[in-house]
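Working notes for the structure below.
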Amino acid sequence: MAPDPARVRTLTVSEAFESIQGEGPSAGAPSAFLRLAACNLRCRWCDTRHSWDFRLYRYRDQARRVGVEQLAGRLRQMTSRRIVVTGGEPLLQARGLAALLERLGPTWTVEVESNATILPGAELSPYVHQWNLSPKLSNSGESEPRRLRREVLAWFRGLATAYLKLVVVSAADLDEADELVSSFDWPRERVWLMPCARTRAELRARSRELVAHCIERGYRLSPRLQLELFEGERGR
Ligand code: SF4
């Protein structure tokens, strides 16, 4: 029998804050952000290492277990009624997340960001309106068996609400991105290229480079407003 999501009463949270969505199809939308702790990958350019790398960051400073009732209460105090669940890898806590979203109720619009290596499961899926999937290319430094789970991507491919957001370091990554998109026949209007960058200057230079490639291939270019506006400051 499937476990009752109401029985999962805690989530391990990295941070919760209110801002605007910085990336992907709903960039610019005011949103409550819930960053869940822990990740099953170790991307070399990860910009949210504090949510999972507890050799580099002290766990007790960066993560805490929070009851879903308490968390729902905190989120309800925010103005936004759009929630972006991110990480780390949120699907490591799919059952707890389902319990939280059940408590929040139907007035919320829910986006979940994932590296697309884990199936969300039947408990969580009905609560999610938009999936922002970021399967990793070889530039992540992760091995293919760890970063590419074809059965998971094939499952998400069946959803009109699933978008790909591919992190590109250089033009050399584009053939690999094309191969991934073509192998799943993913609609190109639902594919966002996002430049890997740590500074505004790097972001602008790499974004400019990607414009011609987006035009040529029919992909979208993702902004990174949190970097453009706040230089990647935490909680913005
Ligand atoms: S999957 Fe995302 S959170 Fe995890 S290491 Fe890679 S970039 Fe960081």
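Labels used: A, B, ... for chains in the order of the structure tokens, numbers from 1 for residues in each chain, and numbers from 1 for ligands as shown.
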Find the residues near Gly73 in chain A: any atom within 12 Å, counting only C-alpha atoms, skip ones fewer than 5 places away on the same chain, and give them as a list in words.
-> Val66, Gly67, Val68, Met78, Leu100, Leu101, Arg103, Leu104 and Gly105 of chain A
What are the closest atom pairs, with distances in Å to one decimal, for all residues of chain A lying within 7 Å of ligand 1? Consider only C-alpha atoms and all ligand atoms, order rows by chain and residue number, and present the result as a Markdown table.
```
| residue | atom | partner | partner_atom_place_in_ligand_line | distance |
| --- | --- | --- | --- | --- |
| A:Cys39 | CA | ligand 1 | 4 (Fe) | 4.8 |
| A:Asn40 | CA | ligand 1 | 4 (Fe) | 6.4 |
| A:Leu41 | CA | ligand 1 | 5 (S) | 4.7 |
| A:Arg42 | CA | ligand 1 | 5 (S) | 4.0 |
| A:Cys43 | CA | ligand 1 | 6 (Fe) | 4.2 |
| A:Trp45 | CA | ligand 1 | 7 (S) | 6.8 |
| A:Cys46 | CA | ligand 1 | 8 (Fe) | 4.1 |
| A:Asp47 | CA | ligand 1 | 8 (Fe) | 6.3 |
| A:Thr48 | CA | ligand 1 | 8 (Fe) | 5.6 |
| A:Arg49 | CA | ligand 1 | 8 (Fe) | 6.0 |
| A:Gly87 | CA | ligand 1 | 3 (S) | 5.4 |
| A:Gly88 | CA | ligand 1 | 3 (S) | 3.8 |
| A:Glu89 | CA | ligand 1 | 3 (S) | 5.8 |
| A:Asn115 | CA | ligand 1 | 1 (S) | 5.1 |
```
Which residues in range 87-183 of chain A does DSSP call strand (DSSP E)? List them as a tab-separated table (two decimals) with C-alpha atoms, in the first residue's frame.
```tsv
chain	number	residue	atom	x	y	z
A	109	THR	CA	0.89	27.36	-8.04
A	110	VAL	CA	3.75	24.91	-7.65
A	111	GLU	CA	7.03	24.72	-9.56
A	112	VAL	CA	9.53	22.00	-8.76
A	113	GLU	CA	13.13	22.12	-9.95
A	114	SER	CA	14.97	18.83	-10.33
A	130	GLN	CA	5.44	23.02	-13.60
A	131	TRP	CA	8.60	20.91	-13.67
A	132	ASN	CA	11.87	22.74	-14.35
A	133	LEU	CA	14.23	19.90	-15.20
A	162	ALA	CA	7.92	19.71	-18.06
A	163	TYR	CA	10.65	22.08	-19.29
A	164	LEU	CA	14.33	21.44	-19.83
A	165	LYS	CA	16.90	23.92	-18.56
A	166	LEU	CA	20.35	22.93	-19.80
A	167	VAL	CA	23.43	24.52	-18.28
A	168	VAL	CA	25.93	25.42	-20.99
```
Would you list the contacts of Val152 in chain A as a VMD selection string, taking every protein, DNA or RNA residue within 12 Å and counting only C-alpha atoms, but skipping same-chain residues closer than 6 positions in sequence?
-> chain A and resid 91 114 to 121 133 135 158 to 159 162 184
Tell me which of A:Lys136, A:Arg198, A:Arg188, A:Arg82 sits closest to Glu216 in chain A, counting only C-alpha atoms.
-> A:Arg188
Which residues, written as a PyMOL selection string, have at least one atom at most 9 Å from Ala27 in chain A, with only C-alpha atoms counted and residues fewer than 3 positions away on the same chain left out?
-> chain A and resi 20-24+30+222-225
Residue selection dump (N, CA and C atoms) as an mmCIF file, in the first residue's frame:
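File produced: selection21.cif:
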```
data_model
loop_
_atom_site.group_PDB
_atom_site.id
_atom_site.type_symbol
_atom_site.label_atom_id
_atom_site.label_comp_id
_atom_site.auth_asym_id
_atom_site.auth_seq_id
_atom_site.Cartn_x
_atom_site.Cartn_y
_atom_site.Cartn_z
ATOM 1 N N ILE A 20 11.825 36.889 -6.802
ATOM 2 C CA ILE A 20 11.225 36.577 -8.098
ATOM 3 C C ILE A 20 11.988 35.407 -8.707
ATOM 4 N N GLN A 21 11.270 34.596 -9.445
ATOM 5 C CA GLN A 21 11.922 33.477 -10.130
ATOM 6 C C GLN A 21 12.956 34.065 -11.094
ATOM 7 N N GLY A 22 14.181 33.576 -11.010
ATOM 8 C CA GLY A 22 15.250 34.166 -11.807
ATOM 9 C C GLY A 22 15.502 33.477 -13.135
ATOM 10 N N GLU A 23 15.001 32.254 -13.282
ATOM 11 C CA GLU A 23 15.409 31.440 -14.426
ATOM 12 C C GLU A 23 14.207 30.735 -15.059
ATOM 13 N N GLY A 24 14.393 30.328 -16.308
ATOM 14 C CA GLY A 24 13.450 29.416 -16.946
ATOM 15 C C GLY A 24 12.144 30.054 -17.371
ATOM 16 N N PRO A 30 6.881 36.647 -9.123
ATOM 17 C CA PRO A 30 7.078 36.677 -7.670
ATOM 18 C C PRO A 30 6.808 35.284 -7.093
ATOM 19 N N SER A 222 17.644 31.307 -21.147
ATOM 20 C CA SER A 222 17.201 31.617 -19.790
ATOM 21 C C SER A 222 18.016 32.763 -19.205
ATOM 22 N N PRO A 223 17.333 33.739 -18.611
ATOM 23 C CA PRO A 223 18.068 34.728 -17.810
ATOM 24 C C PRO A 223 18.512 34.081 -16.503
ATOM 25 N N ARG A 224 19.307 34.777 -15.739
ATOM 26 C CA ARG A 224 19.611 34.364 -14.356
ATOM 27 C C ARG A 224 19.509 35.642 -13.531
ATOM 28 N N LEU A 225 18.260 36.007 -13.254
ATOM 29 C CA LEU A 225 18.016 37.323 -12.653
ATOM 30 C C LEU A 225 18.639 37.450 -11.271
#
```
Excluding Leu203 in chain A and residues on its chain fewer than 2 positions from it, collect all residues at most 12 Å away from it, counting only C-alpha atoms, and give them as a list in words.
->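 The residues satisfying every condition are Val167, Val168, Val169, Ser170, Met194, Pro195, Cys196, Ala197, Arg198, Thr199, Arg200, Ala201, Ala205, Arg206, Ser207, Arg208, Glu209, Leu210, Leu221, Ser222, Pro223, Arg224, Leu225, Gln226, Leu227, Glu228, Leu229, Glu231 and Gly232 of chain A.
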List the neighbours of Pro187 in chain A out to 12 Å using only C-alpha atoms; skip same-chain residues closer than 3 positions along the sequence, and give me the result as number ranges by chain.
-> A: 157-164, 178, 180-184, 190-192, 217-220
Atomic distance CA of Val8 in chain A - CA of Glu69 in chain A, expressed in Å with one decimal |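 Distance between the two atoms: 10.8 Å.
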Give the alpha helix (DSSP H) residues of range 29-190 of chain A, as assigned by DSSP on the backbone, as number ranges by chain.
-> A: 59-62, 68-76, 94-104, 144-147, 150-157, 174-183
Would you save the residues of that selection, restricted to N, CA and C atoms, as a short mmCIF file (atom, residue, chain, number, x, y, z; two decimals), in the first residue's frame?
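What ended up in again.cif:
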```
data_model
loop_
_atom_site.label_atom_id
_atom_site.label_comp_id
_atom_site.auth_asym_id
_atom_site.auth_seq_id
_atom_site.Cartn_x
_atom_site.Cartn_y
_atom_site.Cartn_z
N TYR A 59 26.67 21.40 8.63
CA TYR A 59 25.27 20.99 8.48
C TYR A 59 24.36 21.82 9.39
N ARG A 60 24.78 21.97 10.65
CA ARG A 60 23.85 22.63 11.58
C ARG A 60 23.65 24.11 11.27
N ASP A 61 24.55 24.70 10.48
CA ASP A 61 24.36 26.09 10.05
C ASP A 61 23.49 26.20 8.80
N GLN A 62 23.39 25.11 8.05
CA GLN A 62 22.82 25.19 6.70
C GLN A 62 21.51 24.42 6.52
N VAL A 68 6.10 19.89 8.61
CA VAL A 68 5.39 20.45 7.46
C VAL A 68 4.31 21.45 7.88
N GLU A 69 3.73 21.25 9.06
CA GLU A 69 2.73 22.23 9.53
C GLU A 69 3.39 23.60 9.74
N GLN A 70 4.52 23.57 10.40
CA GLN A 70 5.26 24.81 10.70
C GLN A 70 5.71 25.48 9.40
N LEU A 71 6.18 24.65 8.46
CA LEU A 71 6.67 25.19 7.20
C LEU A 71 5.51 25.78 6.39
N ALA A 72 4.39 25.09 6.37
CA ALA A 72 3.22 25.62 5.65
C ALA A 72 2.80 26.96 6.26
N GLY A 73 2.84 27.06 7.58
CA GLY A 73 2.49 28.31 8.25
C GLY A 73 3.41 29.44 7.83
N ARG A 74 4.70 29.14 7.76
CA ARG A 74 5.68 30.16 7.37
C ARG A 74 5.45 30.59 5.92
N LEU A 75 5.19 29.65 5.05
CA LEU A 75 4.97 29.98 3.64
C LEU A 75 3.70 30.80 3.45
N ARG A 76 2.68 30.48 4.24
CA ARG A 76 1.41 31.23 4.13
C ARG A 76 1.58 32.69 4.54
N ALA A 94 10.48 13.62 -1.78
CA ALA A 94 9.21 13.75 -2.49
C ALA A 94 8.00 13.52 -1.58
N ARG A 95 8.09 12.56 -0.68
CA ARG A 95 6.92 12.27 0.16
C ARG A 95 6.63 13.40 1.13
N GLY A 96 7.68 13.92 1.75
CA GLY A 96 7.49 15.06 2.66
C GLY A 96 6.98 16.28 1.92
N LEU A 97 7.48 16.45 0.70
CA LEU A 97 7.03 17.59 -0.10
C LEU A 97 5.55 17.45 -0.47
N ALA A 98 5.15 16.23 -0.79
CA ALA A 98 3.72 16.01 -1.08
C ALA A 98 2.87 16.38 0.13
N ALA A 99 3.35 16.01 1.31
CA ALA A 99 2.60 16.33 2.53
C ALA A 99 2.50 17.85 2.73
N LEU A 100 3.59 18.55 2.45
CA LEU A 100 3.57 20.02 2.58
C LEU A 100 2.59 20.63 1.58
N LEU A 101 2.65 20.20 0.34
CA LEU A 101 1.80 20.80 -0.70
C LEU A 101 0.33 20.48 -0.45
N GLU A 102 0.08 19.32 0.11
CA GLU A 102 -1.30 18.99 0.47
C GLU A 102 -1.82 19.99 1.50
N ARG A 103 -0.96 20.35 2.47
CA ARG A 103 -1.38 21.30 3.50
C ARG A 103 -1.55 22.71 2.94
N LEU A 104 -0.71 23.07 1.96
CA LEU A 104 -0.83 24.42 1.40
C LEU A 104 -2.14 24.58 0.64
N GLU A 144 28.09 9.79 -16.75
CA GLU A 144 26.79 9.67 -17.44
C GLU A 144 25.78 8.80 -16.68
N PRO A 145 26.20 7.65 -16.14
CA PRO A 145 25.19 6.83 -15.43
C PRO A 145 24.58 7.56 -14.22
N ARG A 146 25.33 8.47 -13.61
CA ARG A 146 24.78 9.19 -12.45
C ARG A 146 23.90 10.37 -12.86
N ARG A 147 24.29 11.04 -13.93
CA ARG A 147 23.59 12.29 -14.25
C ARG A 147 22.45 12.12 -15.25
N ARG A 150 17.65 7.87 -18.20
CA ARG A 150 16.78 7.97 -19.38
C ARG A 150 15.33 7.62 -19.07
N GLU A 151 15.11 6.67 -18.17
CA GLU A 151 13.72 6.28 -17.86
C GLU A 151 13.00 7.43 -17.15
N VAL A 152 13.76 8.21 -16.38
CA VAL A 152 13.14 9.35 -15.68
C VAL A 152 12.80 10.44 -16.69
N LEU A 153 13.75 10.74 -17.56
CA LEU A 153 13.48 11.78 -18.58
C LEU A 153 12.34 11.34 -19.50
N ALA A 154 12.29 10.06 -19.83
CA ALA A 154 11.21 9.57 -20.70
C ALA A 154 9.86 9.76 -20.02
N TRP A 155 9.81 9.56 -18.71
CA TRP A 155 8.55 9.75 -17.99
C TRP A 155 8.14 11.23 -18.02
N PHE A 156 9.10 12.12 -17.75
CA PHE A 156 8.78 13.55 -17.76
C PHE A 156 8.42 14.03 -19.16
N ARG A 157 9.00 13.41 -20.18
CA ARG A 157 8.72 13.83 -21.56
C ARG A 157 7.23 13.74 -21.88
N LEU A 174 26.99 22.33 -27.04
CA LEU A 174 25.71 22.40 -27.75
C LEU A 174 25.37 21.12 -28.51
N ASP A 175 26.38 20.44 -29.04
CA ASP A 175 26.10 19.17 -29.73
C ASP A 175 25.51 18.17 -28.74
N GLU A 176 26.07 18.16 -27.55
CA GLU A 176 25.57 17.23 -26.51
C GLU A 176 24.13 17.60 -26.12
N ALA A 177 23.88 18.90 -26.00
CA ALA A 177 22.51 19.35 -25.68
C ALA A 177 21.55 18.93 -26.80
N ASP A 178 21.95 19.14 -28.04
CA ASP A 178 21.11 18.76 -29.18
C ASP A 178 20.79 17.26 -29.17
N GLU A 179 21.83 16.49 -28.87
CA GLU A 179 21.65 15.03 -28.88
C GLU A 179 20.64 14.61 -27.81
N LEU A 180 20.75 15.23 -26.65
CA LEU A 180 19.81 14.92 -25.56
C LEU A 180 18.38 15.29 -25.95
N VAL A 181 18.22 16.49 -26.47
CA VAL A 181 16.88 16.97 -26.85
C VAL A 181 16.29 16.09 -27.95
N SER A 182 17.11 15.77 -28.96
CA SER A 182 16.61 14.97 -30.08
C SER A 182 16.28 13.55 -29.65
N SER A 183 17.09 12.99 -28.74
CA SER A 183 16.87 11.60 -28.38
C SER A 183 15.53 11.41 -27.65
#
```
Have a look at CA of Val128 in chain A and CA of Val85 in chain A and let me know their distance in Å, one decimal.
->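 That distance, rounded to one decimal, is 9.9 Å.
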Could you check which of A:Leu124, A:Val13, A:His213, A:Ser19 is closest to Arg81 in chain A, using only C-alpha atoms?
-> A:Ser19
Check the smallest atom-to-atom distance from each of A:Cys214, A:Ala16, A:Ala29, A:Ile83 to Ala63 in chain A using only C-alpha atoms, then report the winner.
->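 For Ala63 in chain A, the nearest of the candidates is A:Ala16.
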Coordinates-based distance that separates CA of Ala37 in chain A from CA of Ser14 in chain A (Å, one decimal) |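 Going from CA of Ser14 in chain A over to CA of Ala37 in chain A covers 4.9 Å.
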Counting only C-alpha atoms, the option among A:Val211, A:Leu56, A:Leu92, A:Ala32 closest to Leu11 in chain A =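 Closest to Leu11 in chain A, using only C-alpha atoms: A:Leu92.
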